[in-house]
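The structure under discussion appears below in the form of structure tokens.
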Number of protein chains: 2
Amino acid sequence: MPTNLARRAALADAGVAVLAREGARGLTHRAVDAESGSPLGTASNYFRDRSALLAALVQRIGERLAPDPAVLAVLAEHPPGREAYAEYLRYILQRLLGDAPLALALFELRLESARRPEAAATIGQWQREAFAADIAFTAQAGLPGGAREIALFHYAIDGLVLDRLTTPIDPQTGTDEVVDALVAAVFGPAGG
Amino acid sequence: MPTNLARRAALADAGVAVLAREGARGLTHRAVDAESGSPLGTASNYFRDRSALLAALVQRIGERLAPDPAVLAVLAEHPPGREAYAEYLRYILQRLLGDAPLALALFELRLESARRPEAAATIGQWQREAFAADIAFTAQAGLPGGAREIALFHYAIDGLVLDRLTTPIDPQTGTDEVVDALVAAVFGPAGG
């Protein structure tokens with residue numbers, strides 16, 4: 001990665017950490033400078049204003065959440081069907097729950113999008129593109145379910161991640177079990 | 001309501017508004033005073049410290065989210081089953097989506113509980129009690145589903161509310177349709 005791209009990514013990572021820890025109001029260029037150990041003014045050099053900073057965070061979250069092609073290749077060996085679907089969902093959960101600051105920062109960005117139209121524009125576009133990509137991937141992989149089912153999984157996975165990273169209502173049920181129950185619910189009982 | 005209870009509720013409502021608009025970091029006793037048009041120091045008189053303020057907000061959110069007994073009486077006339085279940089879910093959604101600051105403040109409190117143990121204690125206890133009450137209500141009303149199904153609905157409804165109050169991925173599908181799809185998923189297709 002060229003130096004300035006690596007620097008940009010490091011600053012965005014610092015922004016993600018600040019956002020998760022302090023919330024949207026704590027996210028300032030100055031806080032990003034401090035978090036990344038950069039001289040004052042560095043974040044402002046890379047991200048002109050708050051909109052640019054938010055856009056950089058969204059982009060960085062997308063990069064960090066991107067699936068590992070090697071894992072996808074293994075998952076693609078499963079015959080397409082409900083079990084493969086459950087594996088993909090488990091892999092999404094693993095990426096979100098395994099990087100709590102990332103998932104929490106994403107929730108903060110979504111709440112910020114309820115407050116500020118410029119945040120809503122950036123995050124909304126990213127979310128709609130991700131949703132469209134999920135639909136295209138599902139169809140191309142021959143997996144069950146269309147837009148409606150994928151939307152239900154999105155809602156349930158978001159709620160589950162929020163629950164598990166905060167104050168779980170049903171902590172004794174493992175997330176693998178929750179995924180199995182969800183897949184069984186949406187696609188009918190096993191063997192069906 | 002005695003004057004000091006009404007004053008306490010008004011201050012908590014101001015806190016909910018501040019929390020939804022400014023996030024957890026914007027929630028201070030001073031901001032609650034300003035939001036409620038009270039003299040400086042009023043919120044501190046009612047809520048000794050931040051923990052007491054958060055606890056008051058959780059209590060107030062519970063009061064505002066409480067179902068109307070008259071509506072529950074009408075819902076109880078449905079024969080217990082999937083359609084009645086869908087009606088209860090629609091009523092929950094109506095209360096959450098119909099009072100966006102309330103729902104957004106609740107998300108802020110949950111994110112705050114990932115940051116501060118005292119917030120987690122208050123909110124976690126409230127959530128676990130509400131979950132237990134849902135399970136008891138479902139059993140007592142003769143509705144289908146146990147703890148596992150109720151947890152799935154919680155996750156999906158939370159994710160749906162977050163989605164609809166921020167940047168919806170699938171806005172052309174109405175929430176009634178999403179509820180029908182969820183209920184059909186969890187309890188099997190209609191007539192089944």
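Labeling convention for the structure tokens: chains A, B, ... as they appear, residues from 1 per chain, ligands from 1 in order of appearance.
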Polymer residues at most 10 Å from Tyr88 (chain B), only C-alpha atoms, same-chain spacing of 4 or more positions, as a PyMOL selection string: chain B and resi 67+71-72+75-76+82-84+92-94+179
Exercise answer, chain B residues close to chain A, 7 Å and only C-alpha atoms, as a PyMOL selection string: chain B and resi 21+23+25+110-111+113-115+120+124+127-128+131+155-156+158-160+165-167+169+185-186+188
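Shell of Ala9 (chain A) at 7 Å, with only C-alpha atoms counted and residues fewer than 4 places along the chain excluded, is A:Leu5, A:Asp13, A:Arg60.
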Same residues, C-alpha atoms, output as a short mmCIF file (atom, residue, chain, number, x, y, z; two decimals), in the first residue's frame:
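Wrote it out as selection24.cif, contents follow:
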data_model
loop_
_atom_site.label_atom_id
_atom_site.label_comp_id
_atom_site.auth_asym_id
_atom_site.auth_seq_id
_atom_site.Cartn_x
_atom_site.Cartn_y
_atom_site.Cartn_z
CA LEU A 5 -3.01 5.18 1.44
CA ASP A 13 -9.01 3.01 11.83
CA ARG A 60 -12.73 1.66 5.86
#
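The spacing separating CA of Ala66 (chain A) from CA of Arg30 (chain A) amounts to 28.1 Å.
Put simply, CA of Ala55 (chain A) is 12.6 Å away from CA of Pro117 (chain A).
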Would you mind writing down, as a short mmCIF file (atom, residue, chain, number, x, y, z; two decimals) with N, CA and C atoms, in the first residue's frame, each residue of region 25-131 of chain B that DSSP on the backbone assigns to alpha helix (DSSP H)?
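What follows is the written file selection_27.cif:
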data_model
loop_
_atom_site.label_atom_id
_atom_site.label_comp_id
_atom_site.auth_asym_id
_atom_site.auth_seq_id
_atom_site.Cartn_x
_atom_site.Cartn_y
_atom_site.Cartn_z
N HIS B 29 -26.44 16.62 32.74
CA HIS B 29 -27.47 17.24 33.58
C HIS B 29 -27.79 18.64 33.06
N ARG B 30 -26.76 19.36 32.67
CA ARG B 30 -26.93 20.72 32.16
C ARG B 30 -27.78 20.74 30.88
N ALA B 31 -27.53 19.76 29.98
CA ALA B 31 -28.32 19.70 28.74
C ALA B 31 -29.78 19.37 29.04
N VAL B 32 -30.01 18.56 30.07
CA VAL B 32 -31.39 18.23 30.45
C VAL B 32 -32.08 19.47 31.02
N ASP B 33 -31.35 20.23 31.83
CA ASP B 33 -31.91 21.49 32.34
C ASP B 33 -32.32 22.39 31.17
N ALA B 34 -31.41 22.56 30.22
CA ALA B 34 -31.67 23.46 29.10
C ALA B 34 -32.85 22.96 28.27
N GLU B 35 -32.85 21.66 27.96
CA GLU B 35 -33.90 21.08 27.11
C GLU B 35 -35.28 21.22 27.75
N SER B 36 -35.33 21.13 29.07
CA SER B 36 -36.63 21.18 29.76
C SER B 36 -36.98 22.59 30.20
N THR B 42 -31.43 21.84 38.28
CA THR B 42 -32.67 21.08 38.53
C THR B 42 -32.45 19.58 38.32
N ALA B 43 -31.88 19.23 37.18
CA ALA B 43 -31.69 17.80 36.89
C ALA B 43 -30.80 17.15 37.94
N SER B 44 -29.80 17.87 38.41
CA SER B 44 -28.92 17.32 39.45
C SER B 44 -29.65 17.11 40.76
N ASN B 45 -30.67 17.94 41.03
CA ASN B 45 -31.49 17.73 42.22
C ASN B 45 -32.28 16.43 42.14
N TYR B 46 -32.74 16.10 40.95
CA TYR B 46 -33.57 14.90 40.80
C TYR B 46 -32.73 13.65 40.59
N ARG B 50 -24.71 10.50 37.01
CA ARG B 50 -25.04 10.01 35.67
C ARG B 50 -25.78 8.67 35.71
N SER B 51 -25.40 7.83 36.64
CA SER B 51 -26.08 6.53 36.77
C SER B 51 -27.56 6.74 37.08
N ALA B 52 -27.85 7.66 37.99
CA ALA B 52 -29.25 7.92 38.37
C ALA B 52 -30.01 8.51 37.17
N LEU B 53 -29.33 9.36 36.41
CA LEU B 53 -29.95 9.94 35.21
C LEU B 53 -30.27 8.84 34.19
N LEU B 54 -29.30 7.97 33.94
CA LEU B 54 -29.54 6.88 32.99
C LEU B 54 -30.68 5.97 33.47
N ALA B 55 -30.70 5.67 34.76
CA ALA B 55 -31.75 4.81 35.31
C ALA B 55 -33.13 5.47 35.13
N ALA B 56 -33.18 6.79 35.33
CA ALA B 56 -34.45 7.51 35.16
C ALA B 56 -34.90 7.47 33.70
N LEU B 57 -33.95 7.56 32.79
CA LEU B 57 -34.30 7.50 31.37
C LEU B 57 -34.83 6.12 30.99
N VAL B 58 -34.17 5.09 31.50
CA VAL B 58 -34.63 3.73 31.21
C VAL B 58 -36.05 3.55 31.74
N GLN B 59 -36.29 4.01 32.96
CA GLN B 59 -37.63 3.89 33.55
C GLN B 59 -38.66 4.65 32.71
N ARG B 60 -38.31 5.84 32.30
CA ARG B 60 -39.23 6.66 31.53
C ARG B 60 -39.51 6.05 30.15
N ILE B 61 -38.49 5.50 29.53
CA ILE B 61 -38.69 4.82 28.24
C ILE B 61 -39.64 3.65 28.42
N GLY B 62 -39.47 2.91 29.51
CA GLY B 62 -40.39 1.81 29.81
C GLY B 62 -41.83 2.30 29.94
N GLU B 63 -42.01 3.42 30.63
CA GLU B 63 -43.36 3.97 30.79
C GLU B 63 -43.94 4.38 29.45
N ARG B 64 -43.14 5.07 28.65
CA ARG B 64 -43.65 5.54 27.36
C ARG B 64 -43.90 4.41 26.37
N LEU B 65 -43.15 3.31 26.52
CA LEU B 65 -43.33 2.17 25.62
C LEU B 65 -44.44 1.23 26.08
N PRO B 69 -53.64 -0.39 27.87
CA PRO B 69 -54.49 -1.53 28.26
C PRO B 69 -55.72 -1.67 27.36
N ALA B 70 -56.26 -0.54 26.86
CA ALA B 70 -57.44 -0.62 25.98
C ALA B 70 -57.09 -1.32 24.67
N VAL B 71 -55.89 -1.04 24.14
CA VAL B 71 -55.47 -1.72 22.90
C VAL B 71 -55.23 -3.20 23.18
N LEU B 72 -54.58 -3.49 24.30
CA LEU B 72 -54.34 -4.90 24.64
C LEU B 72 -55.65 -5.66 24.77
N ALA B 73 -56.68 -5.00 25.33
CA ALA B 73 -57.98 -5.67 25.49
C ALA B 73 -58.57 -6.02 24.13
N VAL B 74 -58.41 -5.11 23.16
CA VAL B 74 -58.90 -5.40 21.80
C VAL B 74 -58.09 -6.55 21.19
N LEU B 75 -56.77 -6.47 21.34
CA LEU B 75 -55.91 -7.52 20.76
C LEU B 75 -56.24 -8.89 21.38
N ARG B 82 -51.18 -17.22 15.10
CA ARG B 82 -50.19 -16.43 14.36
C ARG B 82 -50.70 -15.05 14.00
N GLU B 83 -52.02 -14.92 13.68
CA GLU B 83 -52.51 -13.59 13.31
C GLU B 83 -52.50 -12.65 14.51
N ALA B 84 -52.88 -13.20 15.68
CA ALA B 84 -52.82 -12.40 16.91
C ALA B 84 -51.36 -12.00 17.19
N TYR B 85 -50.45 -12.94 16.98
CA TYR B 85 -49.03 -12.66 17.20
C TYR B 85 -48.57 -11.50 16.32
N ALA B 86 -48.97 -11.57 15.04
CA ALA B 86 -48.60 -10.50 14.10
C ALA B 86 -49.16 -9.15 14.57
N GLU B 87 -50.38 -9.16 15.11
CA GLU B 87 -50.98 -7.91 15.60
C GLU B 87 -50.16 -7.33 16.76
N TYR B 88 -49.74 -8.21 17.67
CA TYR B 88 -48.91 -7.73 18.79
C TYR B 88 -47.60 -7.13 18.28
N LEU B 89 -46.99 -7.80 17.30
CA LEU B 89 -45.72 -7.28 16.75
C LEU B 89 -45.95 -5.93 16.06
N ARG B 90 -47.04 -5.83 15.32
CA ARG B 90 -47.33 -4.55 14.66
C ARG B 90 -47.53 -3.44 15.68
N TYR B 91 -48.15 -3.79 16.81
CA TYR B 91 -48.40 -2.79 17.85
C TYR B 91 -47.07 -2.36 18.49
N ILE B 92 -46.15 -3.29 18.69
CA ILE B 92 -44.82 -2.93 19.21
C ILE B 92 -44.12 -1.99 18.24
N LEU B 93 -44.15 -2.37 16.95
CA LEU B 93 -43.49 -1.54 15.93
C LEU B 93 -44.10 -0.14 15.87
N GLN B 94 -45.42 -0.10 15.97
CA GLN B 94 -46.13 1.18 15.94
C GLN B 94 -45.64 2.09 17.08
N ARG B 95 -45.47 1.50 18.26
CA ARG B 95 -45.02 2.30 19.40
C ARG B 95 -43.58 2.77 19.23
N LEU B 96 -42.75 1.92 18.65
CA LEU B 96 -41.33 2.30 18.49
C LEU B 96 -41.15 3.27 17.33
N LEU B 97 -41.75 2.95 16.16
CA LEU B 97 -41.56 3.81 14.99
C LEU B 97 -42.36 5.10 15.12
N ALA B 100 -39.95 8.18 17.31
CA ALA B 100 -38.57 7.98 16.89
C ALA B 100 -37.55 8.40 17.96
N PRO B 101 -37.74 9.55 18.63
CA PRO B 101 -36.74 9.91 19.66
C PRO B 101 -36.62 8.84 20.75
N LEU B 102 -37.75 8.25 21.11
CA LEU B 102 -37.74 7.20 22.12
C LEU B 102 -36.91 6.00 21.65
N ALA B 103 -37.20 5.54 20.44
CA ALA B 103 -36.49 4.37 19.91
C ALA B 103 -35.01 4.68 19.71
N LEU B 104 -34.70 5.87 19.21
CA LEU B 104 -33.29 6.23 19.00
C LEU B 104 -32.56 6.36 20.34
N ALA B 105 -33.25 6.92 21.34
CA ALA B 105 -32.63 7.03 22.67
C ALA B 105 -32.34 5.65 23.24
N LEU B 106 -33.23 4.72 22.97
CA LEU B 106 -33.02 3.36 23.46
C LEU B 106 -31.79 2.73 22.79
N PHE B 107 -31.61 2.95 21.49
CA PHE B 107 -30.40 2.46 20.83
C PHE B 107 -29.16 3.13 21.43
N GLU B 108 -29.24 4.42 21.69
CA GLU B 108 -28.10 5.11 22.30
C GLU B 108 -27.76 4.51 23.67
N LEU B 109 -28.81 4.21 24.45
CA LEU B 109 -28.57 3.62 25.77
C LEU B 109 -27.91 2.25 25.64
N ARG B 110 -28.32 1.51 24.63
CA ARG B 110 -27.73 0.18 24.46
C ARG B 110 -26.26 0.31 24.05
N LEU B 111 -25.96 1.26 23.18
CA LEU B 111 -24.55 1.45 22.82
C LEU B 111 -23.76 1.95 24.03
N GLU B 112 -24.39 2.79 24.84
CA GLU B 112 -23.73 3.26 26.06
C GLU B 112 -23.43 2.09 27.00
N SER B 113 -24.30 1.09 26.97
CA SER B 113 -24.08 -0.06 27.85
C SER B 113 -22.88 -0.89 27.41
N ALA B 114 -22.45 -0.74 26.15
CA ALA B 114 -21.22 -1.41 25.72
C ALA B 114 -19.98 -0.66 26.25
N ARG B 115 -20.19 0.59 26.65
CA ARG B 115 -19.07 1.42 27.10
C ARG B 115 -18.94 1.49 28.61
N PRO B 117 -20.11 0.03 32.44
CA PRO B 117 -20.75 -1.05 33.20
C PRO B 117 -22.00 -0.61 33.95
N GLU B 118 -22.03 0.65 34.46
CA GLU B 118 -23.22 1.07 35.22
C GLU B 118 -24.43 1.20 34.29
N ALA B 119 -24.18 1.61 33.05
CA ALA B 119 -25.28 1.65 32.07
C ALA B 119 -25.71 0.23 31.73
N ALA B 120 -24.74 -0.66 31.56
CA ALA B 120 -25.06 -2.06 31.22
C ALA B 120 -25.90 -2.70 32.32
N ALA B 121 -25.60 -2.39 33.58
CA ALA B 121 -26.35 -3.00 34.69
C ALA B 121 -27.81 -2.56 34.62
N THR B 122 -28.04 -1.26 34.46
CA THR B 122 -29.41 -0.73 34.45
C THR B 122 -30.19 -1.22 33.23
N ILE B 123 -29.58 -1.08 32.06
CA ILE B 123 -30.28 -1.41 30.83
C ILE B 123 -30.43 -2.93 30.68
N GLY B 124 -29.37 -3.65 31.06
CA GLY B 124 -29.43 -5.10 30.98
C GLY B 124 -30.54 -5.66 31.84
N GLN B 125 -30.68 -5.14 33.05
CA GLN B 125 -31.73 -5.63 33.95
C GLN B 125 -33.11 -5.34 33.33
N TRP B 126 -33.28 -4.15 32.82
CA TRP B 126 -34.55 -3.76 32.20
C TRP B 126 -34.88 -4.67 31.02
N GLN B 127 -33.85 -4.93 30.18
CA GLN B 127 -34.09 -5.76 29.00
C GLN B 127 -34.43 -7.20 29.37
N ARG B 128 -33.71 -7.72 30.37
CA ARG B 128 -33.96 -9.11 30.76
C ARG B 128 -35.35 -9.23 31.39
N GLU B 129 -35.76 -8.22 32.15
CA GLU B 129 -37.10 -8.25 32.74
C GLU B 129 -38.17 -8.17 31.64
N ALA B 130 -37.94 -7.31 30.65
CA ALA B 130 -38.90 -7.18 29.56
C ALA B 130 -38.99 -8.49 28.77
N PHE B 131 -37.85 -9.12 28.56
CA PHE B 131 -37.82 -10.40 27.83
C PHE B 131 -38.59 -11.47 28.62
#
Two-atom distance - CA of Gly145 (chain B), CA of Asp99 (chain B) (Å): 27.5 Å
